[in-house]
>>> print(open('query-v5.cif').read())   # mmCIF, C-alpha atoms
data_query
#
loop_
_atom_site.label_atom_id
_atom_site.label_comp_id
_atom_site.auth_asym_id
_atom_site.auth_seq_id
_atom_site.Cartn_x
_atom_site.Cartn_y
_atom_site.Cartn_z
CA LEU A 1 15.83 -23.38 -18.95
CA LEU A 2 18.55 -23.69 -21.55
CA PHE A 3 21.78 -22.49 -20.08
CA ILE A 4 25.55 -22.43 -20.25
CA VAL A 5 27.72 -22.41 -17.17
CA GLY A 6 30.81 -20.26 -16.97
CA THR A 7 32.28 -17.64 -19.24
CA VAL A 8 30.22 -16.69 -22.26
CA SER A 9 32.26 -16.82 -25.43
CA CYS A 10 32.25 -14.34 -28.26
CA THR A 11 32.53 -17.16 -30.77
CA LEU A 12 29.83 -19.80 -30.49
CA PHE A 13 27.64 -18.15 -27.86
CA LEU A 14 26.87 -14.50 -28.42
CA ALA A 15 24.72 -12.57 -25.98
CA VAL A 16 21.51 -11.38 -27.62
CA ASN A 17 19.28 -8.58 -26.39
CA GLY A 18 15.66 -9.34 -25.56
CA LEU A 19 13.18 -9.26 -28.44
CA TYR A 20 10.88 -6.67 -26.82
CA SER A 21 11.31 -3.17 -25.45
CA ALA A 22 9.38 -0.70 -23.30
CA SER A 23 7.99 0.95 -26.44
CA ASP A 24 6.07 -2.22 -27.38
CA ASP A 25 2.61 -3.13 -26.14
CA VAL A 26 4.08 -6.46 -25.06
CA ILE A 27 4.67 -6.41 -21.29
CA GLU A 28 8.12 -7.72 -20.33
CA LEU A 29 7.72 -10.20 -17.46
CA THR A 30 10.39 -11.31 -14.99
CA PRO A 31 10.49 -13.34 -11.75
CA THR A 32 10.24 -9.98 -9.92
CA ASN A 33 6.96 -8.83 -11.44
CA PHE A 34 5.33 -12.05 -12.71
CA ASN A 35 3.35 -12.84 -9.56
CA LYS A 36 1.97 -9.31 -9.20
CA GLU A 37 1.29 -8.70 -12.91
CA VAL A 38 -0.06 -12.10 -13.94
CA ILE A 39 -0.94 -14.38 -11.02
CA GLN A 40 -2.69 -11.74 -8.92
CA SER A 41 -4.40 -10.16 -11.92
CA GLU A 42 -8.08 -10.45 -12.77
CA SER A 43 -7.18 -10.06 -16.45
CA LEU A 44 -6.71 -12.79 -19.02
CA TRP A 45 -3.03 -13.07 -19.99
CA LEU A 46 -1.24 -14.51 -23.01
CA VAL A 47 2.41 -15.08 -22.13
CA GLU A 48 5.16 -16.07 -24.54
CA PHE A 49 8.25 -17.78 -23.09
CA TYR A 50 11.08 -17.15 -25.54
CA ALA A 51 14.84 -17.22 -26.04
CA PRO A 52 16.42 -14.30 -27.94
CA TRP A 53 18.56 -16.67 -30.05
CA CYS A 54 15.60 -18.84 -31.13
CA GLY A 55 14.75 -18.41 -34.82
CA HIS A 56 11.07 -19.33 -34.34
CA CYS A 57 10.83 -16.71 -31.56
CA GLN A 58 12.38 -14.05 -33.77
CA ARG A 59 9.85 -14.81 -36.51
CA LEU A 60 6.99 -14.68 -33.99
CA THR A 61 8.05 -11.29 -32.53
CA PRO A 62 6.34 -8.94 -35.06
CA GLU A 63 3.13 -11.02 -34.92
CA TRP A 64 3.18 -11.05 -31.12
CA LYS A 65 3.64 -7.25 -31.04
CA LYS A 66 0.80 -6.78 -33.53
CA ALA A 67 -1.50 -9.00 -31.45
CA ALA A 68 -0.55 -7.11 -28.26
CA THR A 69 -1.46 -3.78 -29.88
CA ALA A 70 -4.78 -5.13 -31.15
CA LEU A 71 -5.66 -6.60 -27.74
CA LYS A 72 -4.55 -3.56 -25.71
CA GLY A 73 -7.06 -2.83 -22.94
CA VAL A 74 -8.85 -6.12 -23.61
CA VAL A 75 -6.34 -8.93 -22.96
CA LYS A 76 -2.85 -8.58 -21.46
CA VAL A 77 -0.01 -9.84 -23.66
CA GLY A 78 3.38 -10.54 -22.06
CA ALA A 79 6.74 -12.12 -22.78
CA VAL A 80 9.35 -13.84 -20.63
CA ASP A 81 12.98 -14.17 -21.69
CA ALA A 82 13.15 -17.76 -20.41
CA ASP A 83 16.80 -18.05 -21.44
CA LYS A 84 17.62 -15.26 -18.98
CA HIS A 85 14.98 -16.21 -16.40
CA GLN A 86 15.35 -19.98 -16.38
CA SER A 87 13.60 -20.45 -13.03
CA LEU A 88 10.43 -18.84 -14.37
CA GLY A 89 10.49 -20.95 -17.53
CA GLY A 90 11.17 -24.06 -15.47
CA GLN A 91 8.27 -23.26 -13.16
CA TYR A 92 5.88 -23.55 -16.10
CA GLY A 93 7.53 -26.59 -17.69
CA VAL A 94 8.99 -24.72 -20.65
CA ARG A 95 11.18 -27.17 -22.62
CA GLY A 96 11.30 -25.51 -26.04
CA PHE A 97 10.85 -22.09 -27.60
CA PRO A 98 8.60 -20.34 -28.13
CA THR A 99 6.07 -21.68 -25.60
CA ILE A 100 2.82 -19.73 -25.24
CA LYS A 101 0.61 -20.07 -22.16
CA ILE A 102 -2.88 -18.70 -21.50
CA PHE A 103 -3.51 -17.60 -17.90
CA GLY A 104 -7.28 -17.48 -17.47
CA ALA A 105 -9.63 -17.73 -14.49
CA ASN A 106 -7.43 -20.15 -12.59
CA LYS A 107 -3.99 -18.58 -12.77
CA ASN A 108 -2.44 -21.68 -11.18
CA LYS A 109 -3.52 -23.79 -14.17
CA ALA A 110 -2.18 -22.15 -17.29
CA GLU A 111 -3.26 -23.64 -20.64
CA ASP A 112 -0.90 -24.30 -23.52
CA TYR A 113 -1.62 -22.36 -26.69
CA GLN A 114 -1.34 -24.68 -29.70
CA GLY A 115 -2.70 -22.42 -32.42
CA GLY A 116 -1.12 -20.63 -35.34
CA ARG A 117 1.73 -18.16 -35.05
CA THR A 118 0.02 -15.27 -36.87
CA SER A 119 -1.42 -12.21 -35.13
CA ASP A 120 -4.90 -13.14 -36.43
CA ALA A 121 -4.71 -16.65 -34.92
CA ILE A 122 -3.37 -15.30 -31.62
CA VAL A 123 -6.10 -12.64 -31.36
CA ASP A 124 -8.82 -15.22 -32.19
CA ALA A 125 -7.55 -17.55 -29.47
CA ALA A 126 -7.38 -14.70 -26.96
CA LEU A 127 -10.96 -13.61 -27.65
CA SER A 128 -12.17 -17.21 -27.46
CA ALA A 129 -10.45 -17.67 -24.08
CA LEU A 130 -11.86 -14.32 -22.92
CA ARG A 131 -15.39 -15.39 -23.88
CA SER A 132 -14.97 -18.61 -21.87
CA LEU A 133 -13.70 -16.64 -18.87
CA VAL A 134 -16.68 -14.26 -18.94
CA LYS A 135 -19.16 -17.13 -19.37
CA GLU A 136 -17.65 -18.90 -16.36
CA ARG A 137 -18.01 -15.76 -14.26
CA LEU A 138 -21.59 -15.33 -15.44
CA SER A 139 -22.48 -18.88 -14.38
CA GLY A 140 -20.75 -18.40 -11.02
CA ARG A 141 -18.32 -21.25 -11.62
CA SER A 142 -15.26 -19.09 -11.22
CA GLY A 143 -14.43 -16.14 -9.05
CA GLY A 144 -11.13 -15.44 -10.75
CA TYR A 145 -7.86 -15.60 -8.88
CA SER A 146 -7.97 -16.69 -5.24
CA SER A 147 -5.16 -15.83 -2.89
CA GLY A 148 -5.75 -19.08 -1.04
CA LYS A 149 -7.84 -17.60 1.79
CA GLN A 150 -11.03 -19.18 0.44
CA SER A 151 -9.51 -22.64 0.46
CA ARG A 152 -8.43 -22.32 4.08
CA GLU A 153 -11.83 -21.04 5.15
CA SER A 154 -13.66 -23.79 3.26
CA GLY A 155 -11.63 -26.56 4.82
CA GLY A 156 -8.60 -26.52 2.54
CA GLY A 157 -10.16 -28.30 -0.40
CA ASP A 158 -7.24 -27.22 -2.58
CA LYS A 159 -4.86 -29.37 -0.52
CA LYS A 160 -5.81 -32.48 -2.49
CA ASP A 161 -2.29 -32.96 -3.84
CA VAL A 162 -0.50 -32.49 -0.50
CA ILE A 163 0.08 -35.96 0.96
CA GLU A 164 -0.53 -36.14 4.70
CA LEU A 165 2.04 -38.38 6.40
CA THR A 166 2.12 -39.88 9.89
CA ASP A 167 4.50 -41.80 12.15
CA ASP A 168 2.96 -45.00 10.77
CA SER A 169 2.88 -44.15 7.06
CA PHE A 170 6.09 -42.14 6.65
CA ASP A 171 8.72 -44.84 6.14
CA LYS A 172 6.78 -47.00 3.67
CA ASN A 173 5.89 -43.95 1.57
CA VAL A 174 9.07 -41.89 1.71
CA ILE A 175 12.19 -43.77 2.78
CA ASN A 176 12.25 -46.46 0.08
CA SER A 177 10.59 -44.37 -2.62
CA ASP A 178 12.24 -43.76 -5.98
CA ASP A 179 10.49 -40.39 -6.04
CA VAL A 180 11.72 -37.14 -4.48
CA TRP A 181 9.76 -35.92 -1.45
CA MET A 182 9.52 -32.40 -0.08
CA VAL A 183 8.01 -32.70 3.40
CA GLU A 184 6.67 -29.82 5.49
CA PHE A 185 6.65 -30.36 9.26
CA TYR A 186 4.03 -28.00 10.72
CA ALA A 187 2.04 -27.17 13.84
CA PRO A 188 -1.67 -26.31 13.48
CA TRP A 189 -1.32 -23.23 15.74
CA CYS A 190 1.67 -21.80 13.84
CA GLY A 191 0.95 -18.57 11.95
CA HIS A 192 3.82 -19.06 9.48
CA CYS A 193 2.47 -22.53 8.69
CA LYS A 194 -0.98 -21.09 7.96
CA ASN A 195 0.59 -18.55 5.61
CA LEU A 196 2.53 -21.32 3.87
CA GLU A 197 -0.48 -23.62 3.50
CA PRO A 198 -2.04 -22.16 0.30
CA GLU A 199 1.39 -21.76 -1.30
CA TRP A 200 2.33 -25.36 -0.47
CA ALA A 201 -1.05 -26.62 -1.77
CA ALA A 202 -0.82 -24.70 -5.04
CA ALA A 203 2.79 -25.80 -5.54
CA ALA A 204 1.85 -29.43 -4.86
CA THR A 205 -0.68 -29.43 -7.70
CA GLU A 206 1.66 -27.72 -10.17
CA VAL A 207 4.62 -29.95 -9.25
CA LYS A 208 2.53 -33.11 -9.53
CA GLU A 209 1.51 -32.14 -13.08
CA GLN A 210 4.91 -30.99 -14.29
CA THR A 211 6.91 -33.88 -12.87
CA LYS A 212 4.26 -36.57 -13.54
CA GLY A 213 4.22 -37.28 -9.80
CA LYS A 214 7.98 -37.86 -9.57
CA VAL A 215 8.34 -35.05 -7.00
CA LYS A 216 5.82 -35.18 -4.18
CA LEU A 217 4.87 -32.53 -1.64
CA ALA A 218 3.78 -33.79 1.77
CA ALA A 219 2.92 -32.50 5.22
CA VAL A 220 3.40 -33.86 8.75
CA ASP A 221 1.62 -32.50 11.82
CA ALA A 222 4.65 -32.52 14.10
CA THR A 223 2.56 -31.96 17.24
CA VAL A 224 0.80 -35.30 16.67
CA ASN A 225 3.58 -37.30 14.99
CA GLN A 226 6.25 -36.77 17.61
CA ILE A 227 8.35 -39.81 16.64
CA LEU A 228 9.05 -38.19 13.26
CA ALA A 229 9.54 -34.76 14.80
CA SER A 230 12.11 -36.20 17.19
CA ARG A 231 13.86 -38.33 14.55
CA TYR A 232 14.45 -35.34 12.29
CA GLY A 233 15.18 -32.82 15.05
CA ILE A 234 12.26 -30.51 14.29
CA ARG A 235 12.63 -27.45 16.52
CA GLY A 236 10.68 -24.75 14.65
CA PHE A 237 7.72 -24.51 12.32
CA PRO A 238 7.35 -24.84 9.47
CA THR A 239 10.45 -26.93 8.71
CA ILE A 240 10.76 -28.34 5.19
CA LYS A 241 13.04 -31.28 4.40
CA ILE A 242 13.94 -32.93 1.11
CA PHE A 243 14.14 -36.72 0.95
CA GLN A 244 15.83 -38.59 -1.91
CA LYS A 245 16.49 -42.32 -2.06
CA GLY A 246 19.87 -43.31 -0.69
CA GLU A 247 20.66 -39.84 0.65
CA ASP A 248 20.36 -38.14 4.02
CA PRO A 249 17.52 -35.62 4.17
CA VAL A 250 18.49 -31.99 3.62
CA ASP A 251 16.78 -28.81 4.77
CA TYR A 252 14.96 -26.69 2.22
CA ASP A 253 15.98 -23.13 2.93
CA GLY A 254 14.50 -21.38 -0.11
CA GLY A 255 11.62 -18.93 -0.38
CA ARG A 256 8.13 -19.75 0.84
CA THR A 257 6.12 -18.68 -2.21
CA ARG A 258 4.64 -21.24 -4.59
CA SER A 259 7.00 -20.07 -7.35
CA ASP A 260 10.05 -20.60 -5.09
CA ILE A 261 8.83 -24.04 -4.08
CA ILE A 262 7.99 -25.06 -7.64
CA ALA A 263 11.37 -23.86 -8.93
CA ARG A 264 13.23 -25.97 -6.36
CA ALA A 265 11.01 -28.99 -7.04
CA LEU A 266 11.72 -28.76 -10.77
CA ASP A 267 15.46 -28.49 -10.08
CA LEU A 268 15.20 -31.67 -8.02
CA PHE A 269 13.21 -33.28 -10.83
CA SER A 270 15.83 -32.39 -13.47
CA ASP A 271 18.55 -33.79 -11.22
CA ASN A 272 16.68 -37.10 -11.15
CA ALA A 273 15.15 -36.97 -14.63
CA PRO A 274 16.20 -39.32 -17.41
CA PRO A 275 18.69 -37.99 -19.97
CA PRO A 276 17.40 -36.31 -23.10
CA GLU A 277 16.29 -38.55 -25.95
CA LEU A 278 18.93 -39.67 -28.46
CA LEU A 279 17.34 -39.51 -31.92
CA GLU A 280 18.45 -40.92 -35.26
CA ILE A 281 18.35 -38.39 -38.11
CA ILE A 282 15.81 -40.12 -40.32
CA SER A 283 14.26 -36.95 -41.77
CA GLU A 284 14.73 -33.21 -42.09
CA ASP A 285 12.08 -32.63 -39.44
CA VAL A 286 14.03 -34.58 -36.79
CA LEU A 287 17.15 -32.49 -37.40
CA LYS A 288 15.48 -29.09 -37.61
CA SER A 289 13.04 -29.52 -34.74
CA THR A 290 15.84 -30.70 -32.45
CA CYS A 291 18.40 -28.08 -33.42
CA ASP A 292 15.91 -25.19 -33.50
CA ALA A 293 14.56 -25.98 -30.04
CA HIS A 294 17.93 -26.32 -28.28
CA GLN A 295 20.86 -23.99 -27.89
CA LEU A 296 23.21 -26.72 -29.06
CA CYS A 297 22.59 -29.98 -30.84
CA ILE A 298 25.22 -32.69 -30.59
CA ILE A 299 25.41 -34.83 -33.74
CA SER A 300 27.39 -38.06 -34.02
CA VAL A 301 28.16 -39.75 -37.33
CA LEU A 302 28.71 -43.42 -36.57
CA PRO A 303 30.47 -45.98 -38.78
CA HIS A 304 28.42 -47.99 -41.27
CA ILE A 305 26.65 -50.94 -39.66
CA LEU A 306 28.71 -53.37 -41.78
CA ASP A 307 31.86 -51.96 -40.19
CA THR A 308 30.77 -52.33 -36.55
CA GLY A 309 27.80 -54.65 -36.33
CA ALA A 310 25.02 -54.03 -33.83
CA SER A 311 27.24 -54.51 -30.78
CA GLY A 312 29.80 -51.97 -31.98
CA ARG A 313 27.13 -49.41 -32.83
CA ASN A 314 25.40 -49.89 -29.48
CA SER A 315 28.69 -49.29 -27.67
CA TYR A 316 28.98 -45.91 -29.42
CA LEU A 317 25.34 -45.09 -28.63
CA ASP A 318 25.97 -46.01 -24.99
CA VAL A 319 28.81 -43.48 -24.84
CA MET A 320 26.49 -40.81 -26.23
CA LEU A 321 23.75 -41.70 -23.74
CA LYS A 322 26.21 -41.43 -20.85
CA MET A 323 27.27 -37.99 -22.04
CA ALA A 324 23.64 -36.93 -22.53
CA GLU A 325 23.02 -37.96 -18.91
CA LYS A 326 26.10 -36.09 -17.68
CA TYR A 327 25.13 -32.89 -19.49
CA LYS A 328 21.34 -33.21 -19.23
CA LYS A 329 20.97 -29.93 -17.34
CA LYS A 330 22.28 -28.12 -20.40
CA MET A 331 19.10 -29.18 -22.23
CA TRP A 332 21.00 -29.85 -25.46
CA GLY A 333 19.60 -31.92 -28.32
CA TRP A 334 21.27 -35.25 -29.16
CA LEU A 335 21.26 -36.81 -32.65
CA TRP A 336 23.09 -39.48 -34.62
CA THR A 337 23.30 -40.79 -38.16
CA GLU A 338 25.19 -43.48 -40.07
CA ALA A 339 28.21 -42.65 -42.20
CA GLY A 340 27.06 -41.95 -45.75
CA ALA A 341 23.35 -41.68 -44.89
CA GLN A 342 23.48 -37.87 -44.75
CA SER A 343 26.48 -37.09 -46.93
CA ASP A 344 25.46 -33.45 -47.51
CA LEU A 345 25.29 -32.86 -43.77
CA GLU A 346 28.70 -34.47 -43.31
CA SER A 347 30.19 -32.21 -45.99
CA SER A 348 28.72 -29.07 -44.42
CA LEU A 349 30.34 -30.03 -41.09
CA GLY A 350 33.67 -31.10 -42.52
CA ILE A 351 33.14 -34.64 -41.28
CA GLY A 352 34.64 -37.66 -42.99
CA GLY A 353 38.25 -36.61 -43.27
CA PHE A 354 38.95 -37.71 -39.72
CA GLY A 355 37.19 -41.03 -40.15
CA TYR A 356 34.33 -42.38 -38.09
CA PRO A 357 32.87 -42.09 -35.54
CA ALA A 358 32.78 -38.29 -35.62
CA MET A 359 30.94 -35.67 -33.57
CA ALA A 360 29.92 -32.06 -34.11
CA ALA A 361 28.18 -29.56 -31.84
CA ILE A 362 25.98 -27.15 -33.81
CA ASN A 363 24.68 -23.77 -32.73
CA ALA A 364 21.74 -23.48 -35.15
CA ARG A 365 20.99 -19.82 -34.42
CA LYS A 366 24.53 -18.80 -35.48
CA MET A 367 24.98 -21.68 -37.95
CA LYS A 368 28.36 -22.40 -36.41
CA PHE A 369 29.77 -25.72 -35.31
CA ALA A 370 32.65 -27.25 -33.42
CA LEU A 371 34.20 -30.63 -34.21
CA LEU A 372 35.38 -33.27 -31.78
CA LYS A 373 39.11 -33.58 -32.41
CA GLY A 374 39.85 -36.03 -29.59
CA SER A 375 38.78 -39.62 -29.17
CA PHE A 376 35.16 -40.73 -29.42
CA SER A 377 35.17 -41.94 -25.81
CA GLU A 378 33.66 -40.78 -22.55
CA GLN A 379 36.87 -38.93 -21.70
CA GLY A 380 37.36 -37.41 -25.15
CA ILE A 381 33.75 -36.30 -25.55
CA ASN A 382 33.60 -35.01 -21.98
CA GLU A 383 36.61 -32.76 -22.60
CA PHE A 384 35.07 -31.53 -25.86
CA LEU A 385 31.70 -30.71 -24.29
CA ARG A 386 33.25 -29.19 -21.18
CA GLU A 387 35.24 -26.78 -23.35
CA LEU A 388 32.07 -25.85 -25.24
CA SER A 389 30.07 -25.35 -22.06
CA VAL A 390 32.45 -22.62 -20.91
CA GLY A 391 32.64 -21.00 -24.32
CA ARG A 392 36.01 -22.30 -25.47
CA GLY A 393 36.96 -24.33 -28.50
CA SER A 394 37.36 -23.40 -32.14
CA THR A 395 34.26 -23.00 -34.29
CA ALA A 396 33.55 -22.72 -38.00
CA PRO A 397 30.50 -21.69 -40.05
CA VAL A 398 28.26 -24.49 -41.30
CA GLY A 399 28.97 -25.00 -44.99
CA GLY A 400 26.52 -23.01 -47.08
CA GLY A 401 25.31 -21.06 -44.03
CA ALA A 402 22.26 -23.32 -43.55
CA PHE A 403 21.42 -26.94 -43.00
CA PRO A 404 21.82 -28.90 -46.25
CA LYS A 405 19.31 -31.31 -47.74
CA ILE A 406 18.47 -34.12 -45.33
CA HIS A 407 17.48 -37.46 -46.84
CA SER A 408 14.61 -39.47 -45.40
CA VAL A 409 15.93 -42.89 -44.39
CA GLU A 410 14.57 -45.95 -42.67
CA PRO A 411 15.44 -46.03 -38.95
CA TRP A 412 18.01 -48.58 -37.85
CA ASP A 413 16.28 -51.84 -36.88
CA GLY A 414 18.83 -52.63 -34.17
CA LYS A 415 20.26 -55.58 -36.09
CA ASP A 416 23.59 -56.37 -37.74
CA GLY A 417 23.87 -55.21 -41.31
CA GLU A 418 23.52 -57.58 -44.23
CA LEU A 419 25.60 -57.55 -47.38
CA PRO A 420 23.61 -57.10 -50.61
CA VAL A 421 22.42 -60.46 -51.95
CA GLU A 422 24.23 -61.38 -55.16
CA ASP A 423 22.32 -63.08 -57.95
CA ASP A 424 22.99 -66.82 -58.12
CA ILE A 425 24.45 -67.95 -61.45
CA ASP A 426 22.35 -70.71 -63.00
CA LEU A 427 24.75 -73.20 -64.63
CA SER A 428 22.11 -75.83 -65.43
CA ASP A 429 22.04 -75.00 -69.15
CA VAL A 430 25.80 -74.97 -69.60
CA ASP A 431 27.44 -78.09 -71.05
CA LEU A 432 30.49 -78.24 -68.82
CA ASP A 433 32.14 -80.95 -70.91
CA ASP A 434 32.01 -78.79 -74.05
CA TRP A 435 33.26 -75.80 -72.01
CA GLU A 436 36.23 -77.78 -70.73
CA LYS A 437 37.04 -78.95 -74.27
CA ASP A 438 36.89 -75.37 -75.52
CA GLU A 439 39.23 -74.29 -72.81
CA LEU A 440 41.66 -77.00 -73.71
#
>>> encode(input="query-v5.cif", output="structure tokens")
Amino acid sequence: LLFIVGTVSCTLFLAVNGLYSASDDVIELTPTNFNKEVIQSESLWLVEFYAPWCGHCQRLTPEWKKAATALKGVVKVGAVDADKHQSLGGQYGVRGFPTIKIFGANKNKAEDYQGGRTSDAIVDAALSALRSLVKERLSGRSGGYSSGKQSRESGGGDKKDVIELTDDSFDKNVINSDDVWMVEFYAPWCGHCKNLEPEWAAAATEVKEQTKGKVKLAAVDATVNQILASRYGIRGFPTIKIFQKGEDPVDYDGGRTRSDIIARALDLFSDNAPPPELLEIISEDVLKSTCDAHQLCIISVLPHILDTGASGRNSYLDVMLKMAEKYKKKMWGWLWTEAGAQSDLESSLGIGGFGYPAMAAINARKMKFALLKGSFSEQGINEFLRELSVGRGSTAPVGGGAFPKIHSVEPWDGKDGELPVEDDIDLSDVDLDDWEKDEL
């Protein structure tokens, strides 16, 4: 999910080996074996999605291995290098590391694990989930993983999130929609369409959840809705087309498994998603949680509010937001602070000597940073970030080798700054006539 395009540098971005090996009881999962090992398994699975450079992941590794050994033969424990296998992380909505998912009776609805990061806590959660799974089987509520055949035989009840479209309903739903639509044109007699049906249905449910309904999966019976079939030149079945507002439809030519479909849907979602949030550094938690969870965090130090006023500050924030939008697929963190508010942080990044505004890009796992040397403008920042994204640009170690003390401050209220109020001098008790005489 977090990625860098282009040449990998030996300075800021160093390749790191995975955290697990074949000698561990943790099963290494990849896009090649995930479906067979996890989705088609009757076992309960705990799966960690990690990035090798993530400090929290590195600290979790010995606990995860210990839990895997304790649970061996009882619960399967796996790990996905989601930095290397971004499509697999994206498929399950992984946005930060580590993310732990529990794959129970319904493998298409993984649960997030929110418990402690010790082996004891992990084992307790696994046994609790296992107990629930067994109880469900005992009561007959769950038959474990279904390949989709049952849903077809029982009338396709799992198709609840696939939107059926017709000649009459298509335009009002799709053409002017702000959402992205993936539309399958099918024929009821088509064998390939029948094979696709459970995959399309499962993907529709997962995509609806992960994109909050912003990417929709639909189906059109092209043998009945011949106006649509003719308009879009449907010649074979199934044909899948992608519709986005203001653009001509394009053919989907990817794989036909639910994981392929979900991966493409999430790519479309990220293309259309809002930029990452731009946060003010008002506490240590804001800085650390942002920088630990992202491969890079971009920090701007803006002039004091008395120097720019609200309009000046907002113009700088607008530039940052535009850059966050431009580079949103990088999944970087974006932060800002006011000059002087975090003086220790400024010192550790060598900021201040060049004046304000200033910008630094920090790689928290290596505790290295790069400074913007050009102008604080769309063009200047774009050149700076483009160089970083391909592994170029000079870097330096963060002063002290760790983040310095961060002061808790009140968030900016969006208003112009106010000068400190000076005490009024009360002259009522002073005899000005006597004072003038004394002066004379």
>>> residues_around(input="query-v5.cif", residues="A:Tyr356", least_positions_apart="2", cutoff="8 Å", atoms="all atoms listed in the file", output="compact mmCIF listing (two decimals) with C-alpha atoms, in the coordinates of the input")
# COMPACT_ATOMS: atom_id res chain seq x y z
CA VAL A 301 28.16 -39.75 -37.33
CA LEU A 302 28.71 -43.42 -36.57
CA PRO A 303 30.47 -45.98 -38.78
CA ALA A 339 28.21 -42.65 -42.20
CA GLY A 352 34.64 -37.66 -42.99
CA PHE A 354 38.95 -37.71 -39.72
CA ALA A 358 32.78 -38.29 -35.62
>>> closest_residue(input="query-v5.cif", among="A:Glu184, A:Glu48, A:Glu136, A:Asp260", to="A:Ile234", atoms="all atoms listed in the file")
A:Glu184
>>> closest_atom_pairs(input="query-v5.cif", of="stretch 342-404 of chain A", to="stretch 289-295 of chain A", cutoff="12 Å", atoms="all atoms listed in the file", output="Markdown table")
| residue | atom | partner | partner_atom | distance |
| --- | --- | --- | --- | --- |
| A:Ala361 | CA | A:Gln295 | CA | 10.0 |
| A:Ile362 | CA | A:Cys291 | CA | 7.6 |
| A:Asn363 | CA | A:Gln295 | CA | 6.2 |
| A:Ala364 | CA | A:Cys291 | CA | 5.9 |
| A:Arg365 | CA | A:Asp292 | CA | 7.4 |
| A:Lys366 | CA | A:Gln295 | CA | 9.9 |
| A:Met367 | CA | A:Cys291 | CA | 10.2 |
| A:Lys368 | CA | A:Gln295 | CA | 11.5 |
| A:Phe369 | CA | A:Gln295 | CA | 11.7 |
| A:Leu388 | CA | A:Gln295 | CA | 11.7 |
| A:Ser389 | CA | A:Gln295 | CA | 11.0 |
| A:Ala402 | CA | A:Cys291 | CA | 11.8 |
| A:Phe403 | CA | A:Cys291 | CA | 10.1 |
>>> write_last_selection(input="query-v5.cif", atoms="C-alpha atoms", output="PDB file, in the frame of the given file")
ATOM      1  CA  ALA A 361      28.180 -29.560 -31.840  1.00  0.00           C
ATOM      2  CA  ILE A 362      25.980 -27.150 -33.810  1.00  0.00           C
ATOM      3  CA  ASN A 363      24.680 -23.770 -32.730  1.00  0.00           C
ATOM      4  CA  ALA A 364      21.740 -23.480 -35.150  1.00  0.00           C
ATOM      5  CA  ARG A 365      20.990 -19.820 -34.420  1.00  0.00           C
ATOM      6  CA  LYS A 366      24.530 -18.800 -35.480  1.00  0.00           C
ATOM      7  CA  MET A 367      24.980 -21.680 -37.950  1.00  0.00           C
ATOM      8  CA  LYS A 368      28.360 -22.400 -36.410  1.00  0.00           C
ATOM      9  CA  PHE A 369      29.770 -25.720 -35.310  1.00  0.00           C
ATOM     10  CA  LEU A 388      32.070 -25.850 -25.240  1.00  0.00           C
ATOM     11  CA  SER A 389      30.070 -25.350 -22.060  1.00  0.00           C
ATOM     12  CA  ALA A 402      22.260 -23.320 -43.550  1.00  0.00           C
ATOM     13  CA  PHE A 403      21.420 -26.940 -43.000  1.00  0.00           C
TER      14      PHE A 403
END
>>> closest_atom_pairs(input="query-v5.cif", of="stretch 189-236 of chain A", to="stretch 156-180 of chain A", cutoff="6 Å", atoms="all atoms listed in the file", output="CSV")
residue,atom,partner,partner_atom,distance
A:Ala201,CA,A:Lys159,CA,4.9
A:Ala204,CA,A:Asp161,CA,5.5
A:Thr205,CA,A:Asp161,CA,5.5
A:Lys214,CA,A:Asp179,CA,5.0
A:Val215,CA,A:Val180,CA,4.7
A:Leu217,CA,A:Val162,CA,5.5
A:Ala218,CA,A:Ile163,CA,4.4
A:Ala219,CA,A:Glu164,CA,5.0
A:Val220,CA,A:Leu165,CA,5.3
A:Asn225,CA,A:Asp167,CA,5.4
A:Leu228,CA,A:Asp167,CA,5.9
>>> atom_distance(input="query-v5.cif", atom1="atom CA of A:Ile298", atom2="atom CA of A:Met320")
9.3 Å
